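Chemist: Okay, so here is run-v8.csv, and as you'll see once you scroll down, it has CSV, C-alpha atoms.
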```
chain,number,residue,atom,x,y,z
A,1,MET,CA,-38.7,-11.5,-1.4
A,2,MET,CA,-36.2,-9.1,-2.9
A,3,LYS,CA,-34.1,-9.4,0.2
A,4,HIS,CA,-34.0,-13.2,-0.2
A,5,ILE,CA,-32.9,-13.0,-3.8
A,6,SER,CA,-30.2,-10.5,-3.2
A,7,ARG,CA,-28.9,-12.5,-0.3
A,8,ALA,CA,-28.9,-15.6,-2.4
A,9,VAL,CA,-27.0,-13.8,-5.2
A,10,LEU,CA,-24.6,-12.3,-2.7
A,11,SER,CA,-23.8,-15.7,-1.1
A,12,ALA,CA,-23.4,-17.3,-4.5
A,13,GLY,CA,-21.0,-14.5,-5.5
A,14,LEU,CA,-19.1,-14.9,-2.2
A,15,LEU,CA,-18.9,-18.6,-2.7
A,16,SER,CA,-17.5,-18.3,-6.2
A,17,ALA,CA,-15.0,-15.7,-5.0
A,18,ILE,CA,-13.8,-18.1,-2.3
A,19,ALA,CA,-13.6,-20.9,-4.9
A,20,VAL,CA,-11.4,-18.7,-7.1
A,21,GLY,CA,-9.1,-18.0,-4.2
A,22,ALA,CA,-8.7,-15.4,-1.5
A,23,SER,CA,-6.5,-13.2,-3.7
A,24,ALA,CA,-9.1,-12.9,-6.5
A,25,PRO,CA,-10.0,-9.2,-7.0
A,26,ALA,CA,-13.4,-8.2,-5.8
A,27,PHE,CA,-14.5,-6.7,-9.1
A,28,ALA,CA,-12.8,-8.9,-11.7
A,29,VAL,CA,-13.0,-7.5,-15.2
A,30,THR,CA,-10.8,-7.3,-18.3
A,31,PRO,CA,-8.9,-4.2,-19.5
A,32,GLU,CA,-11.1,-4.2,-22.6
A,33,ALA,CA,-14.3,-4.2,-20.5
A,34,GLN,CA,-13.0,-1.3,-18.4
A,35,LEU,CA,-12.2,0.6,-21.6
A,36,ALA,CA,-15.7,0.0,-22.9
A,37,ALA,CA,-17.2,1.3,-19.6
A,38,TYR,CA,-15.1,4.5,-19.7
A,39,THR,CA,-15.9,5.0,-23.3
A,40,VAL,CA,-19.7,4.8,-22.6
A,41,GLN,CA,-19.3,7.3,-19.8
A,42,ALA,CA,-17.2,9.6,-22.0
A,43,GLY,CA,-19.8,9.5,-24.8
A,44,SER,CA,-17.1,9.5,-27.5
A,45,PRO,CA,-14.5,7.1,-28.9
A,46,PRO,CA,-11.1,7.0,-27.1
A,47,GLN,CA,-8.0,8.5,-28.7
A,48,PRO,CA,-4.8,6.6,-27.9
A,49,ALA,CA,-2.5,9.5,-29.0
A,50,ARG,CA,-4.2,11.8,-26.6
A,51,GLY,CA,-3.8,9.2,-23.9
A,52,GLN,CA,0.0,9.0,-24.6
A,53,LEU,CA,0.3,12.8,-24.4
A,54,LEU,CA,-1.6,12.9,-21.1
A,55,PHE,CA,0.6,10.1,-19.7
A,56,THR,CA,4.0,11.4,-20.8
A,57,THR,CA,3.7,15.2,-20.1
A,58,LYS,CA,3.5,17.2,-16.9
A,59,HIS,CA,0.4,19.2,-16.1
A,60,GLY,CA,1.8,22.1,-14.1
A,61,LYS,CA,3.0,19.9,-11.2
A,62,ASP,CA,6.2,18.0,-10.3
A,63,TRP,CA,5.4,14.7,-11.8
A,64,SER,CA,4.0,13.1,-15.0
A,65,CYS,CA,2.6,9.6,-15.1
A,66,SER,CA,5.9,8.6,-16.7
A,67,SER,CA,7.9,9.9,-13.7
A,68,CYS,CA,7.0,6.6,-12.0
A,69,HIS,CA,5.7,4.4,-14.8
A,70,THR,CA,8.3,5.3,-17.5
A,71,ALA,CA,7.5,6.9,-20.9
A,72,VAL,CA,6.7,3.5,-22.5
A,73,PRO,CA,5.3,1.4,-19.6
A,74,THR,CA,6.0,-2.0,-21.0
A,75,VAL,CA,8.8,-2.3,-18.4
A,76,ASP,CA,9.1,-1.9,-14.6
A,77,GLY,CA,8.9,1.6,-13.3
A,78,LYS,CA,10.0,3.0,-10.0
A,79,HIS,CA,8.1,5.1,-7.4
A,80,ALA,CA,9.5,8.7,-7.7
A,81,SER,CA,9.8,9.2,-3.9
A,82,THR,CA,10.1,5.7,-2.3
A,83,GLY,CA,12.0,4.0,-5.1
A,84,LYS,CA,9.7,0.9,-4.9
A,85,VAL,CA,9.5,-1.1,-8.2
A,86,ILE,CA,6.2,-0.8,-10.0
A,87,GLY,CA,5.3,-3.5,-12.5
A,88,PRO,CA,4.6,-2.6,-16.2
A,89,MET,CA,1.3,-0.8,-16.8
A,90,ALA,CA,0.6,-2.1,-20.3
A,91,PRO,CA,-1.7,-5.1,-19.9
A,92,ALA,CA,0.2,-7.1,-22.6
A,93,PHE,CA,3.2,-7.0,-20.3
A,94,ASN,CA,1.5,-7.5,-17.0
A,95,ALA,CA,-1.6,-9.6,-16.9
A,96,GLU,CA,-2.7,-8.2,-13.5
A,97,ARG,CA,-3.3,-4.7,-14.9
A,98,PHE,CA,-6.9,-3.4,-15.2
A,99,THR,CA,-8.5,-6.6,-14.0
A,100,ASP,CA,-10.0,-5.0,-10.8
A,101,SER,CA,-12.1,-2.0,-11.4
A,102,ALA,CA,-12.0,-0.8,-7.8
A,103,LYS,CA,-8.2,-0.8,-7.9
A,104,THR,CA,-8.2,1.0,-11.3
A,105,GLU,CA,-10.4,3.7,-10.0
A,106,LYS,CA,-8.4,4.1,-6.8
A,107,TRP,CA,-5.1,4.6,-8.6
A,108,PHE,CA,-6.6,6.9,-11.3
A,109,ARG,CA,-8.1,9.0,-8.5
A,110,ARG,CA,-4.8,9.2,-6.5
A,111,ASN,CA,-2.4,9.6,-9.4
A,112,CYS,CA,-4.5,12.1,-11.5
A,113,ASN,CA,-4.7,14.2,-8.3
A,114,ASP,CA,-0.9,14.1,-8.0
A,115,VAL,CA,-0.2,14.7,-11.6
A,116,VAL,CA,-3.0,16.8,-12.9
A,117,GLY,CA,-4.3,18.3,-9.6
A,118,ARG,CA,-7.8,16.9,-10.0
A,119,GLU,CA,-9.5,13.6,-10.9
A,120,CYS,CA,-9.3,12.5,-14.5
A,121,THR,CA,-12.5,12.5,-16.6
A,122,PRO,CA,-13.9,9.2,-18.1
A,123,ALA,CA,-12.6,10.4,-21.5
A,124,GLU,CA,-9.1,10.9,-20.2
A,125,LYS,CA,-9.1,7.5,-18.5
A,126,ALA,CA,-10.4,5.9,-21.8
A,127,ASP,CA,-7.6,7.7,-23.7
A,128,VAL,CA,-4.9,6.4,-21.4
A,129,LEU,CA,-6.2,2.9,-21.3
A,130,SER,CA,-6.7,2.7,-25.0
A,131,TRP,CA,-3.1,3.8,-25.5
A,132,LEU,CA,-1.8,1.2,-23.0
A,133,LEU,CA,-3.7,-1.4,-25.0
A,134,THR,CA,-1.9,-0.5,-28.2
A,135,LEU,CA,1.4,-1.5,-26.6
A,136,LYS,CA,2.0,-5.1,-27.7
A,137,ARG,CA,4.8,-7.6,-27.4
B,138,MET,CA,-12.4,-34.6,37.8
B,139,PRO,CA,-15.4,-33.8,35.6
B,140,HIS,CA,-14.6,-33.8,31.9
B,141,SER,CA,-16.0,-30.3,31.4
B,142,LEU,CA,-13.7,-28.8,34.1
B,143,LEU,CA,-10.7,-30.5,32.5
B,144,SER,CA,-11.5,-29.1,29.0
B,145,LYS,CA,-12.1,-25.7,30.5
B,146,MET,CA,-8.6,-25.8,32.1
B,147,VAL,CA,-7.0,-26.9,28.9
B,148,LEU,CA,-8.7,-24.1,27.0
B,149,GLY,CA,-7.7,-21.6,29.7
B,150,CYS,CA,-4.0,-22.7,29.3
B,151,MET,CA,-4.3,-22.4,25.5
B,152,VAL,CA,-5.8,-18.9,25.7
B,153,SER,CA,-3.0,-17.7,28.0
B,154,LEU,CA,-0.3,-19.2,25.8
B,155,VAL,CA,-1.7,-17.4,22.8
B,156,ALA,CA,-2.0,-14.2,24.7
B,157,PHE,CA,1.6,-14.6,25.9
B,158,ALA,CA,2.9,-15.3,22.4
B,159,SER,CA,1.1,-12.3,20.9
B,160,ALA,CA,2.3,-10.0,23.7
B,161,GLN,CA,5.9,-11.2,23.0
B,162,ALA,CA,5.5,-10.5,19.3
B,163,GLN,CA,4.3,-7.0,20.2
B,164,SER,CA,7.3,-6.4,22.5
B,165,GLU,CA,9.7,-7.2,19.7
B,166,GLY,CA,8.8,-3.9,18.0
B,167,GLY,CA,5.5,-5.1,16.4
B,168,ARG,CA,7.2,-7.9,14.5
B,169,ASN,CA,3.9,-9.7,14.4
B,170,VAL,CA,2.3,-10.4,11.1
B,171,PRO,CA,0.8,-7.2,9.6
B,172,LEU,CA,-2.9,-7.0,8.8
B,173,PRO,CA,-3.2,-8.3,5.1
B,174,LYS,CA,-5.1,-5.1,4.2
B,175,TYR,CA,-2.2,-3.0,5.6
B,176,GLN,CA,0.3,-5.0,3.6
B,177,GLN,CA,-1.9,-4.8,0.5
B,178,GLU,CA,-2.6,-1.0,0.6
B,179,CYS,CA,0.4,0.6,2.3
B,180,ALA,CA,3.1,-1.8,1.1
B,181,ALA,CA,2.1,-1.1,-2.5
B,182,CYS,CA,4.3,2.0,-2.3
B,183,HIS,CA,6.7,1.4,0.6
B,184,ILE,CA,7.6,-1.2,3.1
B,185,ALA,CA,5.0,-2.0,5.7
B,186,TYR,CA,6.5,0.1,8.5
B,187,PRO,CA,5.9,-1.7,11.8
B,188,ALA,CA,2.9,-0.4,13.6
B,189,GLY,CA,4.9,-0.4,16.8
B,190,MET,CA,7.3,2.3,15.5
B,191,LEU,CA,4.7,5.2,16.1
B,192,PRO,CA,2.3,5.9,18.9
B,193,ALA,CA,-1.4,5.6,18.3
B,194,ALA,CA,-1.9,9.4,18.2
B,195,SER,CA,0.6,9.7,15.3
B,196,TRP,CA,-1.1,6.9,13.3
B,197,GLN,CA,-4.4,8.6,13.9
B,198,ARG,CA,-3.2,11.9,12.5
B,199,LEU,CA,-1.3,10.2,9.6
B,200,MET,CA,-4.3,8.1,8.6
B,201,GLY,CA,-6.6,11.2,8.8
B,202,ALA,CA,-4.5,13.0,6.2
B,203,LEU,CA,-3.9,10.4,3.5
B,204,THR,CA,-4.9,12.8,0.6
B,205,LYS,CA,-1.6,14.6,1.5
B,206,HIS,CA,0.7,11.8,2.4
B,207,TYR,CA,4.3,13.0,2.1
B,208,GLY,CA,3.7,14.6,-1.2
B,209,THR,CA,1.3,12.1,-2.7
B,210,ASP,CA,-2.4,11.3,-2.6
B,211,ALA,CA,-2.7,7.9,-0.8
B,212,SER,CA,-6.4,8.2,-0.1
B,213,LEU,CA,-8.4,5.0,0.7
B,214,ASP,CA,-12.0,4.0,0.6
B,215,GLU,CA,-13.9,4.4,3.9
B,216,ALA,CA,-13.9,0.7,4.9
B,217,SER,CA,-10.2,0.1,4.3
B,218,LEU,CA,-9.4,3.4,6.1
B,219,ARG,CA,-11.3,2.3,9.1
B,220,GLU,CA,-9.9,-1.2,9.2
B,221,ILE,CA,-6.2,-0.2,8.8
B,222,THR,CA,-6.5,2.7,11.2
B,223,GLY,CA,-8.0,0.5,13.8
B,224,TRP,CA,-5.3,-2.1,13.4
B,225,LEU,CA,-2.5,0.4,13.5
B,226,LYS,CA,-3.8,2.0,16.7
B,227,SER,CA,-4.3,-1.3,18.5
B,228,ASN,CA,-0.7,-2.4,17.5
B,229,ALA,CA,0.9,1.1,17.9
B,230,GLY,CA,4.0,1.5,20.0
B,231,THR,CA,3.3,1.7,23.7
B,232,TYR,CA,6.7,1.3,25.3
B,233,ARG,CA,8.3,4.4,26.6
B,234,ARG,CA,10.6,5.4,23.8
B,235,VAL,CA,7.8,5.2,21.2
B,236,SER,CA,5.4,7.3,23.3
B,237,GLU,CA,6.9,10.4,21.8
B,238,GLU,CA,5.0,11.8,18.8
B,239,PRO,CA,7.6,12.7,16.2
B,240,PRO,CA,7.2,15.8,14.0
B,241,GLN,CA,5.1,15.1,10.8
B,242,GLU,CA,4.5,11.6,12.0
B,243,ARG,CA,7.9,10.7,10.7
B,244,ILE,CA,9.5,7.6,12.2
B,245,THR,CA,12.9,8.9,11.1
B,246,GLN,CA,12.4,12.0,13.2
B,247,SER,CA,11.8,10.1,16.4
B,248,ALA,CA,14.4,10.6,19.1
B,249,TRP,CA,15.1,6.9,19.3
B,250,PHE,CA,15.6,6.6,15.6
B,251,LEU,CA,18.0,9.6,15.5
B,252,ARG,CA,20.0,8.2,18.5
B,253,LYS,CA,20.3,4.8,16.8
B,254,HIS,CA,21.4,6.3,13.5
B,255,ASN,CA,23.7,9.0,14.9
B,256,GLU,CA,26.8,10.4,13.1
B,257,ARG,CA,29.2,8.0,14.8
B,258,GLU,CA,27.1,5.0,13.7
B,259,ILE,CA,26.2,6.2,10.2
B,260,SER,CA,28.3,8.8,8.5
B,261,PRO,CA,26.2,11.6,6.8
B,262,ALA,CA,27.7,10.6,3.4
B,263,VAL,CA,25.9,7.2,3.7
B,264,TRP,CA,22.5,8.8,3.6
B,265,LYS,CA,23.4,10.6,0.4
B,266,ARG,CA,24.2,7.4,-1.6
B,267,ALA,CA,21.9,6.7,-4.5
B,268,SER,CA,21.5,3.1,-3.1
B,269,VAL,CA,20.0,4.6,0.1
B,270,GLY,CA,18.2,7.7,-1.1
B,271,SER,CA,16.3,8.5,2.0
B,272,ALA,CA,16.2,7.6,5.7
B,273,SER,CA,12.7,6.2,5.1
B,274,ASN,CA,14.2,3.5,2.8
B,275,CYS,CA,14.8,1.1,5.7
B,276,ALA,CA,15.3,-1.9,3.4
B,277,ALA,CA,18.4,-0.2,1.9
B,278,CYS,CA,20.4,-1.4,4.9
B,279,HIS,CA,18.0,-3.5,7.0
B,280,THR,CA,17.9,-6.4,4.6
B,281,ASN,CA,14.8,-8.0,6.2
B,282,ALA,CA,12.9,-4.8,7.0
B,283,ALA,CA,10.0,-5.8,4.7
B,284,GLN,CA,9.4,-8.7,7.1
B,285,GLY,CA,9.5,-6.4,10.1
B,286,ASN,CA,13.0,-7.6,11.1
B,287,PHE,CA,15.4,-4.8,12.1
B,288,ASN,CA,18.0,-7.0,13.8
B,289,GLU,CA,21.4,-5.2,13.9
B,290,HIS,CA,23.2,-8.3,12.8
B,291,GLU,CA,21.3,-8.3,9.5
B,292,VAL,CA,22.3,-4.7,8.6
B,293,ARG,CA,24.3,-4.4,5.3
B,294,ILE,CA,25.1,-0.9,4.4
B,295,PRO,CA,25.3,-0.7,0.5
B,296,LYS,CA,28.1,1.1,-1.3
```
Have the structure of the file written as structure tokens, please.
Modeler:
Amino acid sequence: MMKHISRAVLSAGLLSAIAVGASAPAFAVTPEAQLAAYTVQAGSPPQPARGQLLFTTKHGKDWSCSSCHTAVPTVDGKHASTGKVIGPMAPAFNAERFTDSAKTEKWFRRNCNDVVGRECTPAEKADVLSWLLTLKR
Amino acid sequence: MPHSLLSKMVLGCMVSLVAFASAQAQSEGGRNVPLPKYQQECAACHIAYPAGMLPAASWQRLMGALTKHYGTDASLDEASLREITGWLKSNAGTYRRVSEEPPQERITQSAWFLRKHNEREISPAVWKRASVGSASNCAACHTNAAQGNFNEHEVRIPK
């Protein structure tokens, strides 16, 4: 019975994903919902100022987040080694940002490893995202 | 002639045509359409380097070391890693000049690459221009590199 239900749910999900279009992210969410999820995991409220500090300073390695994303990421950045243009990180300036939780997790994992030398904690992710959400047009 | 035989023959012709077309695309340096997942994941940071520019063994090593990918962590989830590695290996370079495995899996260190970009062709000063930056920045001069087109007639060396 369980198997039947989960299969039905799965195919309904699949169908709606197809209806939305092939390019629709697999785990569609909003930036606010992702912030809420990280905040729950962190167990304390996010601090935007702490997020800005984490984003703009180096942590004993060659790069900071700002090296590629600029210090105020409301504008295009540039990949520090390949030069490829990277769209703004602040959701108010780039509607695609933080709308796919798998993509968010992938990039936090990779980039925190490059910048901090380890994965970021849920509290750190919440801090950074809460700061990005303060950047308004 | 029985109808089923005719349709079998037509189908056979179509299959060979498709096989021929895809073999031809391969022979043009892997100018066939890249796997969407390859485009999505790898071209997020750099152009989608044609699979045919490295041999399968090089792709295998490169894809096995994505946490240390030329100075950055480019790690992928298991499913994407499997899918992209499989596609790269089956579309890898097989013709003779690409059978060589360049050091550090760098296309730009392949003998054929160095020969094509020798000092008489490209002066050393060109590589140092800010508009070029690095030999891995194919699109600086190969204007349609992102589409897998490296035709010499479309080369524009920036100032």
Chemist: Compute the set of chain B residues within 8 Å of chain A, using only C-alpha atoms, and express it as a VMD selection string.
Modeler: chain B and resid 182 to 183 204 209 to 213 273 to 274
Chemist: Please, what distance in Å, to one decimal, runs between atom CA of A:Leu35 and atom CA of A:Leu129?
Modeler: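 Those two atoms sit 6.4 Å apart.
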Chemist: What separation in Å, quoted to one decimal, exists between atom CA of A:Gln41 and atom CA of A:Ala28?
Modeler: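 Calculated distance between atom CA of A:Gln41 and atom CA of A:Ala28 is 19.2 Å.
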Chemist: I'd like the interatomic distance between atom CA of A:Thr104 and atom CA of B:Ile184, to a tenth of an Å.
Modeler: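 Computing it gives 21.5 Å between the two atoms.
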Chemist: Which polymer residues, whether protein, DNA or RNA, lie within 6 Å of the coordinate (4.6, -4.1, -16.9) when you count only C-alpha atoms? List them as a PyMOL selection string, using the chain letters and numbers from the file.
Modeler: chain A and resi 74-76+87-90+93-94
Chemist: Pull C-alpha atoms from the residues just selected and write them as an mmCIF file, in the frame of the given file.
Modeler:
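Listing of again.cif after writing:
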```
data_model
loop_
_atom_site.group_PDB
_atom_site.id
_atom_site.type_symbol
_atom_site.label_atom_id
_atom_site.label_comp_id
_atom_site.auth_asym_id
_atom_site.auth_seq_id
_atom_site.Cartn_x
_atom_site.Cartn_y
_atom_site.Cartn_z
ATOM 1 C CA THR A 74 6.000 -2.000 -21.000
ATOM 2 C CA VAL A 75 8.800 -2.300 -18.400
ATOM 3 C CA ASP A 76 9.100 -1.900 -14.600
ATOM 4 C CA GLY A 87 5.300 -3.500 -12.500
ATOM 5 C CA PRO A 88 4.600 -2.600 -16.200
ATOM 6 C CA MET A 89 1.300 -0.800 -16.800
ATOM 7 C CA ALA A 90 0.600 -2.100 -20.300
ATOM 8 C CA PHE A 93 3.200 -7.000 -20.300
ATOM 9 C CA ASN A 94 1.500 -7.500 -17.000
#
```
Chemist: For A:Gly51, which of A:Ser101, A:Ser64, A:Ser130, A:Gln34 is the closest residue, counting only C-alpha atoms?
Modeler: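 Using only C-alpha atoms, the shortest distance to A:Gly51 belongs to A:Ser130.
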Chemist: Step by step: start from the point (19.5, -3.6, 9.0) in the file's coordinates, keep every protein, DNA or RNA residue that has an atom no farther than 10 Å from it, count only C-alpha atoms, and write the set as number ranges by chain.
Modeler: B: 275-282, 286-294
Chemist: Need to verify the contact set: A:Trp63, 9 Å, all atoms listed in the file, exclusion of same-chain residues closer than 4 positions in sequence. Can you return it as a list in words?
Modeler: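 What passes the distance filter is Thr57, Lys58, His59, Ser67, Cys68, Ala80, Asp114, Val115 and Val116 of chain A.
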Chemist: Between A:Pro31, A:Pro48, A:Gly43, A:Gly60, single out the one closest to A:Gly117, counting all atoms listed in the file.
Modeler: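 Looking at the shortest contact to A:Gly117, the residue is A:Gly60.
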Chemist: Using all atoms listed in the file, can you tell me which of B:Met190, B:Leu199, B:Ala267, B:Ile221 comes closest to B:Trp249?
Modeler: B:Met190
Chemist: Between B:Ala283, B:Leu218, B:Ala272, B:Leu251, which residue has the minimum interatomic distance to B:Gln176, considering only C-alpha atoms?
Modeler: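 Of the candidates, the smallest distance to B:Gln176 is held by B:Ala283.
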Chemist: What would the file be for stretch 243-262 of chain B if you keep N, CA and C atoms and write it as a short mmCIF file (atom, residue, chain, number, x, y, z; two decimals), in the first residue's frame?
Modeler:
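What ended up in result01.cif:
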```cif
data_model
loop_
_atom_site.label_atom_id
_atom_site.label_comp_id
_atom_site.auth_asym_id
_atom_site.auth_seq_id
_atom_site.Cartn_x
_atom_site.Cartn_y
_atom_site.Cartn_z
N ARG B 243 45.54 18.53 -18.50
CA ARG B 243 45.35 19.87 -19.06
C ARG B 243 45.38 19.80 -20.59
N ILE B 244 44.24 20.16 -21.21
CA ILE B 244 44.15 20.19 -22.67
C ILE B 244 45.27 21.06 -23.23
N THR B 245 45.55 22.17 -22.53
CA THR B 245 46.53 23.14 -23.00
C THR B 245 47.97 22.63 -22.92
N GLN B 246 48.17 21.46 -22.30
CA GLN B 246 49.51 20.87 -22.25
C GLN B 246 49.65 19.71 -23.23
N SER B 247 48.62 19.48 -24.03
CA SER B 247 48.69 18.41 -25.03
C SER B 247 49.65 18.82 -26.13
N ALA B 248 50.36 17.86 -26.68
CA ALA B 248 51.33 18.17 -27.74
C ALA B 248 50.63 18.86 -28.92
N TRP B 249 49.44 18.39 -29.29
CA TRP B 249 48.74 18.99 -30.44
C TRP B 249 48.35 20.43 -30.15
N PHE B 250 47.98 20.73 -28.88
CA PHE B 250 47.60 22.09 -28.52
C PHE B 250 48.82 23.01 -28.62
N LEU B 251 49.95 22.55 -28.04
CA LEU B 251 51.18 23.36 -28.05
C LEU B 251 51.67 23.59 -29.47
N ARG B 252 51.53 22.60 -30.32
CA ARG B 252 51.96 22.73 -31.71
C ARG B 252 51.10 23.78 -32.43
N LYS B 253 49.80 23.71 -32.19
CA LYS B 253 48.88 24.64 -32.87
C LYS B 253 49.02 26.07 -32.37
N HIS B 254 49.51 26.22 -31.14
CA HIS B 254 49.64 27.56 -30.56
C HIS B 254 51.11 27.89 -30.33
N ASN B 255 51.99 27.49 -31.25
CA ASN B 255 53.42 27.71 -31.03
C ASN B 255 53.77 29.20 -31.17
N GLU B 256 55.02 29.51 -30.82
CA GLU B 256 55.44 30.92 -30.75
C GLU B 256 55.31 31.68 -32.07
N ARG B 257 55.45 30.95 -33.18
CA ARG B 257 55.32 31.63 -34.47
C ARG B 257 53.86 32.00 -34.73
N GLU B 258 52.96 31.17 -34.24
CA GLU B 258 51.52 31.42 -34.43
C GLU B 258 51.02 32.49 -33.46
N ILE B 259 51.36 32.30 -32.20
CA ILE B 259 50.87 33.20 -31.14
C ILE B 259 52.08 33.69 -30.34
N SER B 260 52.34 34.99 -30.36
CA SER B 260 53.51 35.48 -29.63
C SER B 260 53.24 35.37 -28.12
N PRO B 261 54.30 35.12 -27.35
CA PRO B 261 54.13 34.93 -25.90
C PRO B 261 53.41 36.10 -25.23
N ALA B 262 53.55 37.32 -25.80
CA ALA B 262 52.91 38.50 -25.19
C ALA B 262 51.38 38.39 -25.23
#
```
